[in-house]
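*Asks:* One structure follows; several queries about it will come next.
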Amino acid sequence: MELKYDETIYIISGTCGVGKSSVAHKLAQKYVLSAHINADNIYHMVVGGQVAPWKDDGTYIKLLWTNINSIVENFIINRFVPVIDYVVFPEDLCFIKKVKDKYMLKVKYIVLMADETTIRLRDDSRTLENKMGDRSVELLGEFIEKGINEKFIINTTSKSIEETVLEIIKEDRFII
């Protein structure tokens, strides 16, 4: 199934080990023209002065979203469907509003969740430089504490990547 341009920005969020990157990449592959924007890569472009995102006072997160918006806008202008892959909490969604409103686009916000055991197993299967360890579980706790609206959540504990992607494409409940 190859889909045409549908004027949607996808934001795939969740803790480490829930399948954000895998789902975002597979989702992007469903469109004729698309881009998988791995925001971790953009965040890590900062070398001098870099701090871990969870230790940032907000300075680098604002810079990150400025950069994401520029990239998203460039893809939108060229009729690509952007799929953003990052840890995005509901309060961060305001950062994409300018581009959303300028181009009158839909934004689908999806928070992938899984149980702690699954997250630890998936994290353990990563290469050493990509392992997050206890931070993955801490982040899961942060998502739970936020009380995110259930309509945005997909539990990936026992779902395949393909099942998850199809749910994201078909369901309007993810539109913010």
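In the structure tokens, the first chain shown is A, the next is B, and so on; residue numbers restart at 1 for each chain, and ligands run from 1 in the order shown.
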Please provide the set of residues having any atom within 8 Å of region 81-93 of chain A, restricted to only C-alpha atoms, with same-chain residues fewer than 2 positions apart removed, written as a VMD selection string.
*Replies:* chain A and resid 5 to 15 20 to 21 24 to 25 27 to 28 31 33 to 40 72 75 to 76 79 95 to 97 143 148
*Asks:* Taking N, CA, C and O atoms for each residue, export the selection above as a compact mmCIF listing (two decimals), in the first residue's frame.
*Replies:*
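Ended up saving to again-v3.txt:
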# COMPACT_ATOMS: atom_id res chain seq x y z
N TYR A 5 0.16 12.04 -0.76
CA TYR A 5 0.27 13.13 0.20
C TYR A 5 -1.07 13.39 0.86
O TYR A 5 -2.10 13.44 0.19
N ASP A 6 -1.09 13.53 2.19
CA ASP A 6 -2.37 13.73 2.86
C ASP A 6 -2.39 14.92 3.83
O ASP A 6 -3.26 15.01 4.68
N GLU A 7 -1.42 15.82 3.72
CA GLU A 7 -1.39 17.04 4.52
C GLU A 7 -1.44 16.76 6.02
O GLU A 7 -2.16 17.40 6.78
N THR A 8 -0.66 15.79 6.45
CA THR A 8 -0.58 15.42 7.86
C THR A 8 0.88 15.43 8.30
O THR A 8 1.76 14.97 7.58
N ILE A 9 1.09 15.97 9.51
CA ILE A 9 2.37 15.83 10.18
C ILE A 9 2.15 14.76 11.24
O ILE A 9 1.22 14.85 12.04
N TYR A 10 2.98 13.75 11.23
CA TYR A 10 2.90 12.70 12.24
C TYR A 10 3.97 12.94 13.30
O TYR A 10 5.12 13.23 12.98
N ILE A 11 3.58 12.81 14.55
CA ILE A 11 4.53 12.89 15.65
C ILE A 11 4.42 11.58 16.42
O ILE A 11 3.39 11.28 17.03
N ILE A 12 5.49 10.79 16.36
CA ILE A 12 5.54 9.50 17.04
C ILE A 12 6.38 9.69 18.31
O ILE A 12 7.57 10.00 18.23
N SER A 13 5.73 9.52 19.46
CA SER A 13 6.38 9.76 20.73
C SER A 13 6.33 8.51 21.60
O SER A 13 5.70 7.52 21.25
N GLY A 14 6.97 8.60 22.74
CA GLY A 14 6.99 7.51 23.70
C GLY A 14 8.38 7.35 24.27
O GLY A 14 9.32 8.01 23.84
N THR A 15 8.49 6.47 25.23
CA THR A 15 9.78 6.24 25.87
C THR A 15 10.70 5.42 24.96
O THR A 15 10.27 4.91 23.92
N LYS A 20 9.46 3.66 18.64
CA LYS A 20 9.27 4.95 17.95
C LYS A 20 9.95 4.99 16.59
O LYS A 20 9.32 5.29 15.58
N SER A 21 11.23 4.70 16.57
CA SER A 21 11.99 4.80 15.32
C SER A 21 11.54 3.77 14.30
O SER A 21 11.39 4.09 13.12
N ALA A 24 8.05 4.89 13.13
CA ALA A 24 8.15 6.11 12.31
C ALA A 24 8.71 5.79 10.92
O ALA A 24 8.20 6.28 9.91
N HIS A 25 9.73 4.96 10.88
CA HIS A 25 10.34 4.62 9.59
C HIS A 25 9.37 3.83 8.70
O HIS A 25 9.21 4.12 7.52
N LEU A 27 6.09 3.81 8.92
CA LEU A 27 5.02 4.72 8.55
C LEU A 27 5.45 5.58 7.37
O LEU A 27 4.70 5.73 6.39
N ALA A 28 6.63 6.14 7.43
CA ALA A 28 7.12 6.98 6.33
C ALA A 28 7.20 6.18 5.03
O ALA A 28 6.92 6.71 3.95
N TYR A 31 4.20 6.13 2.39
CA TYR A 31 3.89 7.26 1.51
C TYR A 31 4.85 7.33 0.33
O TYR A 31 6.02 6.97 0.45
N LEU A 33 6.00 10.08 -1.09
CA LEU A 33 7.01 11.06 -0.70
C LEU A 33 6.87 11.29 0.80
O LEU A 33 5.81 11.72 1.28
N SER A 34 7.93 11.00 1.53
CA SER A 34 7.86 11.13 2.98
C SER A 34 9.26 11.33 3.54
O SER A 34 10.25 11.11 2.85
N ALA A 35 9.30 11.72 4.81
CA ALA A 35 10.58 11.88 5.51
C ALA A 35 10.43 11.41 6.95
O ALA A 35 9.48 11.80 7.63
N HIS A 36 11.36 10.60 7.37
CA HIS A 36 11.44 10.19 8.78
C HIS A 36 12.42 11.15 9.45
O HIS A 36 13.61 11.11 9.17
N ILE A 37 11.89 12.01 10.30
CA ILE A 37 12.72 13.01 10.98
C ILE A 37 13.04 12.49 12.37
O ILE A 37 12.20 12.57 13.28
N ASN A 38 14.23 11.96 12.53
CA ASN A 38 14.67 11.47 13.83
C ASN A 38 15.23 12.66 14.60
O ASN A 38 16.34 13.10 14.36
N ALA A 39 14.43 13.20 15.51
CA ALA A 39 14.80 14.43 16.21
C ALA A 39 15.99 14.24 17.14
O ALA A 39 16.69 15.22 17.44
N ASP A 40 16.25 13.01 17.57
CA ASP A 40 17.46 12.78 18.37
C ASP A 40 18.70 13.19 17.58
O ASP A 40 19.62 13.80 18.12
N VAL A 72 10.52 20.46 8.72
CA VAL A 72 9.14 20.08 8.37
C VAL A 72 8.61 21.01 7.28
O VAL A 72 8.01 20.55 6.30
N PHE A 75 9.97 20.12 3.90
CA PHE A 75 9.35 18.91 3.35
C PHE A 75 7.91 19.18 2.91
O PHE A 75 7.49 18.72 1.85
N ILE A 76 7.16 19.94 3.70
CA ILE A 76 5.77 20.26 3.36
C ILE A 76 5.70 21.01 2.04
O ILE A 76 4.88 20.70 1.17
N ARG A 79 5.83 18.78 -0.71
CA ARG A 79 4.76 17.78 -0.67
C ARG A 79 5.20 16.40 -0.15
O ARG A 79 4.71 15.37 -0.58
N PHE A 95 4.96 23.70 19.98
CA PHE A 95 6.09 24.06 19.13
C PHE A 95 5.81 23.82 17.65
O PHE A 95 6.43 24.45 16.80
N ILE A 96 4.92 22.92 17.32
CA ILE A 96 4.63 22.61 15.91
C ILE A 96 3.45 23.43 15.38
O ILE A 96 3.16 23.44 14.19
N LYS A 97 2.78 24.17 16.24
CA LYS A 97 1.57 24.91 15.90
C LYS A 97 1.78 25.91 14.76
O LYS A 97 0.94 26.02 13.87
N PHE A 143 5.75 9.60 31.36
CA PHE A 143 4.58 9.56 30.47
C PHE A 143 3.32 9.18 31.26
O PHE A 143 2.27 9.78 31.06
N ILE A 148 -1.61 11.30 30.01
CA ILE A 148 -1.89 11.55 28.60
C ILE A 148 -3.23 10.93 28.21
O ILE A 148 -3.54 9.80 28.59
*Asks:* Tell me which protein, DNA and RNA residues are within 12 Å of region 126-138 of chain A, counting only C-alpha atoms, leaving out same-chain ones fewer than 2 positions away, and put them as an NGL selection string.
*Replies:* :A and (14-19 or 40 or 52-54 or 87 or 113-124 or 140-145)
*Asks:* Find the spatial neighbours of Leu166 (chain A), counting only C-alpha atoms, within a cut-off of 10 Å - ignore same-chain residues fewer than 3 positions away - and output them as JSON, numbers by chain.
*Replies:* {"A": [26, 27, 30, 161, 162, 163, 169, 170, 171]}
*Asks:* Got time to write the residues from that selection, all heavy atoms, as a PDB file, in the first residue's frame?
*Replies:*
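Result file follows (again.pdb):
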ATOM      1  N   LYS A  26       8.705   2.852   9.306  1.00  0.00           N
ATOM      2  CA  LYS A  26       7.738   2.033   8.551  1.00  0.00           C
ATOM      3  C   LYS A  26       6.560   2.882   8.085  1.00  0.00           C
ATOM      4  O   LYS A  26       6.076   2.725   6.960  1.00  0.00           O
ATOM      5  CB  LYS A  26       7.266   0.864   9.419  1.00  0.00           C
ATOM      6  CG  LYS A  26       6.351  -0.102   8.701  1.00  0.00           C
ATOM      7  CD  LYS A  26       7.023  -0.792   7.550  1.00  0.00           C
ATOM      8  CE  LYS A  26       7.527  -2.139   7.937  1.00  0.00           C
ATOM      9  NZ  LYS A  26       8.079  -2.888   6.814  1.00  0.00           N
ATOM     10  N   LEU A  27       6.092   3.808   8.924  1.00  0.00           N
ATOM     11  CA  LEU A  27       5.019   4.717   8.548  1.00  0.00           C
ATOM     12  C   LEU A  27       5.446   5.585   7.369  1.00  0.00           C
ATOM     13  O   LEU A  27       4.702   5.733   6.393  1.00  0.00           O
ATOM     14  CB  LEU A  27       4.621   5.591   9.744  1.00  0.00           C
ATOM     15  CG  LEU A  27       3.590   6.686   9.500  1.00  0.00           C
ATOM     16  CD1 LEU A  27       2.269   6.113   8.994  1.00  0.00           C
ATOM     17  CD2 LEU A  27       3.369   7.485  10.790  1.00  0.00           C
ATOM     18  N   LYS A  30       5.197   4.119   3.941  1.00  0.00           N
ATOM     19  CA  LYS A  30       3.858   3.931   3.367  1.00  0.00           C
ATOM     20  C   LYS A  30       3.486   5.025   2.374  1.00  0.00           C
ATOM     21  O   LYS A  30       2.541   4.869   1.604  1.00  0.00           O
ATOM     22  CB  LYS A  30       2.791   3.892   4.469  1.00  0.00           C
ATOM     23  CG  LYS A  30       2.921   2.721   5.416  1.00  0.00           C
ATOM     24  CD  LYS A  30       2.556   1.431   4.730  1.00  0.00           C
ATOM     25  CE  LYS A  30       2.593   0.264   5.692  1.00  0.00           C
ATOM     26  NZ  LYS A  30       2.374  -0.995   5.008  1.00  0.00           N
ATOM     27  N   ILE A 161       4.918  -4.004  14.388  1.00  0.00           N
ATOM     28  CA  ILE A 161       5.159  -2.672  13.815  1.00  0.00           C
ATOM     29  C   ILE A 161       4.100  -2.384  12.759  1.00  0.00           C
ATOM     30  O   ILE A 161       3.517  -1.295  12.725  1.00  0.00           O
ATOM     31  CB  ILE A 161       6.584  -2.582  13.225  1.00  0.00           C
ATOM     32  CG1 ILE A 161       7.612  -2.677  14.348  1.00  0.00           C
ATOM     33  CG2 ILE A 161       6.763  -1.298  12.427  1.00  0.00           C
ATOM     34  CD1 ILE A 161       9.033  -2.870  13.876  1.00  0.00           C
ATOM     35  N   GLU A 162       3.831  -3.349  11.912  1.00  0.00           N
ATOM     36  CA  GLU A 162       2.845  -3.172  10.842  1.00  0.00           C
ATOM     37  C   GLU A 162       1.454  -2.882  11.400  1.00  0.00           C
ATOM     38  O   GLU A 162       0.754  -2.002  10.906  1.00  0.00           O
ATOM     39  CB  GLU A 162       2.819  -4.410   9.932  1.00  0.00           C
ATOM     40  CG  GLU A 162       1.974  -4.255   8.697  1.00  0.00           C
ATOM     41  CD  GLU A 162       2.498  -3.237   7.681  1.00  0.00           C
ATOM     42  OE1 GLU A 162       3.725  -2.989   7.639  1.00  0.00           O
ATOM     43  OE2 GLU A 162       1.673  -2.678   6.934  1.00  0.00           O
ATOM     44  N   GLU A 163       1.036  -3.620  12.426  1.00  0.00           N
ATOM     45  CA  GLU A 163      -0.278  -3.373  13.052  1.00  0.00           C
ATOM     46  C   GLU A 163      -0.350  -1.959  13.616  1.00  0.00           C
ATOM     47  O   GLU A 163      -1.357  -1.270  13.473  1.00  0.00           O
ATOM     48  CB  GLU A 163      -0.530  -4.371  14.193  1.00  0.00           C
ATOM     49  CG  GLU A 163      -0.798  -5.784  13.758  1.00  0.00           C
ATOM     50  CD  GLU A 163      -0.824  -6.748  14.931  1.00  0.00           C
ATOM     51  OE1 GLU A 163      -0.008  -6.625  15.866  1.00  0.00           O
ATOM     52  OE2 GLU A 163      -1.686  -7.652  14.890  1.00  0.00           O
ATOM     53  N   ILE A 169      -2.442   5.129  10.664  1.00  0.00           N
ATOM     54  CA  ILE A 169      -2.959   5.643   9.396  1.00  0.00           C
ATOM     55  C   ILE A 169      -4.483   5.713   9.410  1.00  0.00           C
ATOM     56  O   ILE A 169      -5.068   6.715   9.001  1.00  0.00           O
ATOM     57  CB  ILE A 169      -2.466   4.775   8.211  1.00  0.00           C
ATOM     58  CG1 ILE A 169      -0.956   4.969   8.021  1.00  0.00           C
ATOM     59  CG2 ILE A 169      -3.222   5.125   6.925  1.00  0.00           C
ATOM     60  CD1 ILE A 169      -0.318   3.965   7.085  1.00  0.00           C
ATOM     61  N   LYS A 170      -5.131   4.676   9.907  1.00  0.00           N
ATOM     62  CA  LYS A 170      -6.593   4.575   9.832  1.00  0.00           C
ATOM     63  C   LYS A 170      -7.337   5.420  10.861  1.00  0.00           C
ATOM     64  O   LYS A 170      -8.442   5.887  10.592  1.00  0.00           O
ATOM     65  CB  LYS A 170      -7.023   3.107   9.997  1.00  0.00           C
ATOM     66  CG  LYS A 170      -6.648   2.238   8.823  1.00  0.00           C
ATOM     67  CD  LYS A 170      -7.057   0.801   9.059  1.00  0.00           C
ATOM     68  CE  LYS A 170      -6.636  -0.073   7.893  1.00  0.00           C
ATOM     69  NZ  LYS A 170      -6.955  -1.485   8.118  1.00  0.00           N
ATOM     70  N   GLU A 171      -6.769   5.601  12.031  1.00  0.00           N
ATOM     71  CA  GLU A 171      -7.493   6.220  13.144  1.00  0.00           C
ATOM     72  C   GLU A 171      -7.384   7.744  13.144  1.00  0.00           C
ATOM     73  O   GLU A 171      -6.284   8.289  13.129  1.00  0.00           O
ATOM     74  CB  GLU A 171      -6.974   5.682  14.485  1.00  0.00           C
ATOM     75  CG  GLU A 171      -7.218   4.214  14.688  1.00  0.00           C
ATOM     76  CD  GLU A 171      -8.661   3.893  15.029  1.00  0.00           C
ATOM     77  OE1 GLU A 171      -9.359   4.762  15.591  1.00  0.00           O
ATOM     78  OE2 GLU A 171      -9.096   2.761  14.734  1.00  0.00           O
TER      79      GLU A 171
END
*Asks:* Using only C-alpha atoms, which residues sit within 8 Å of Ile176 (chain A) once same-chain residues fewer than 5 positions away are excluded, as a list in words?
*Replies:*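 Near neighbours after the sequence-gap exclusion: Lys106, Val107, Lys108 and Tyr109 of chain A.
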*Asks:* CA of Ile110 (chain A) and CA of Ile153 (chain A), how far apart in Å?
*Replies:* 6.0 Å
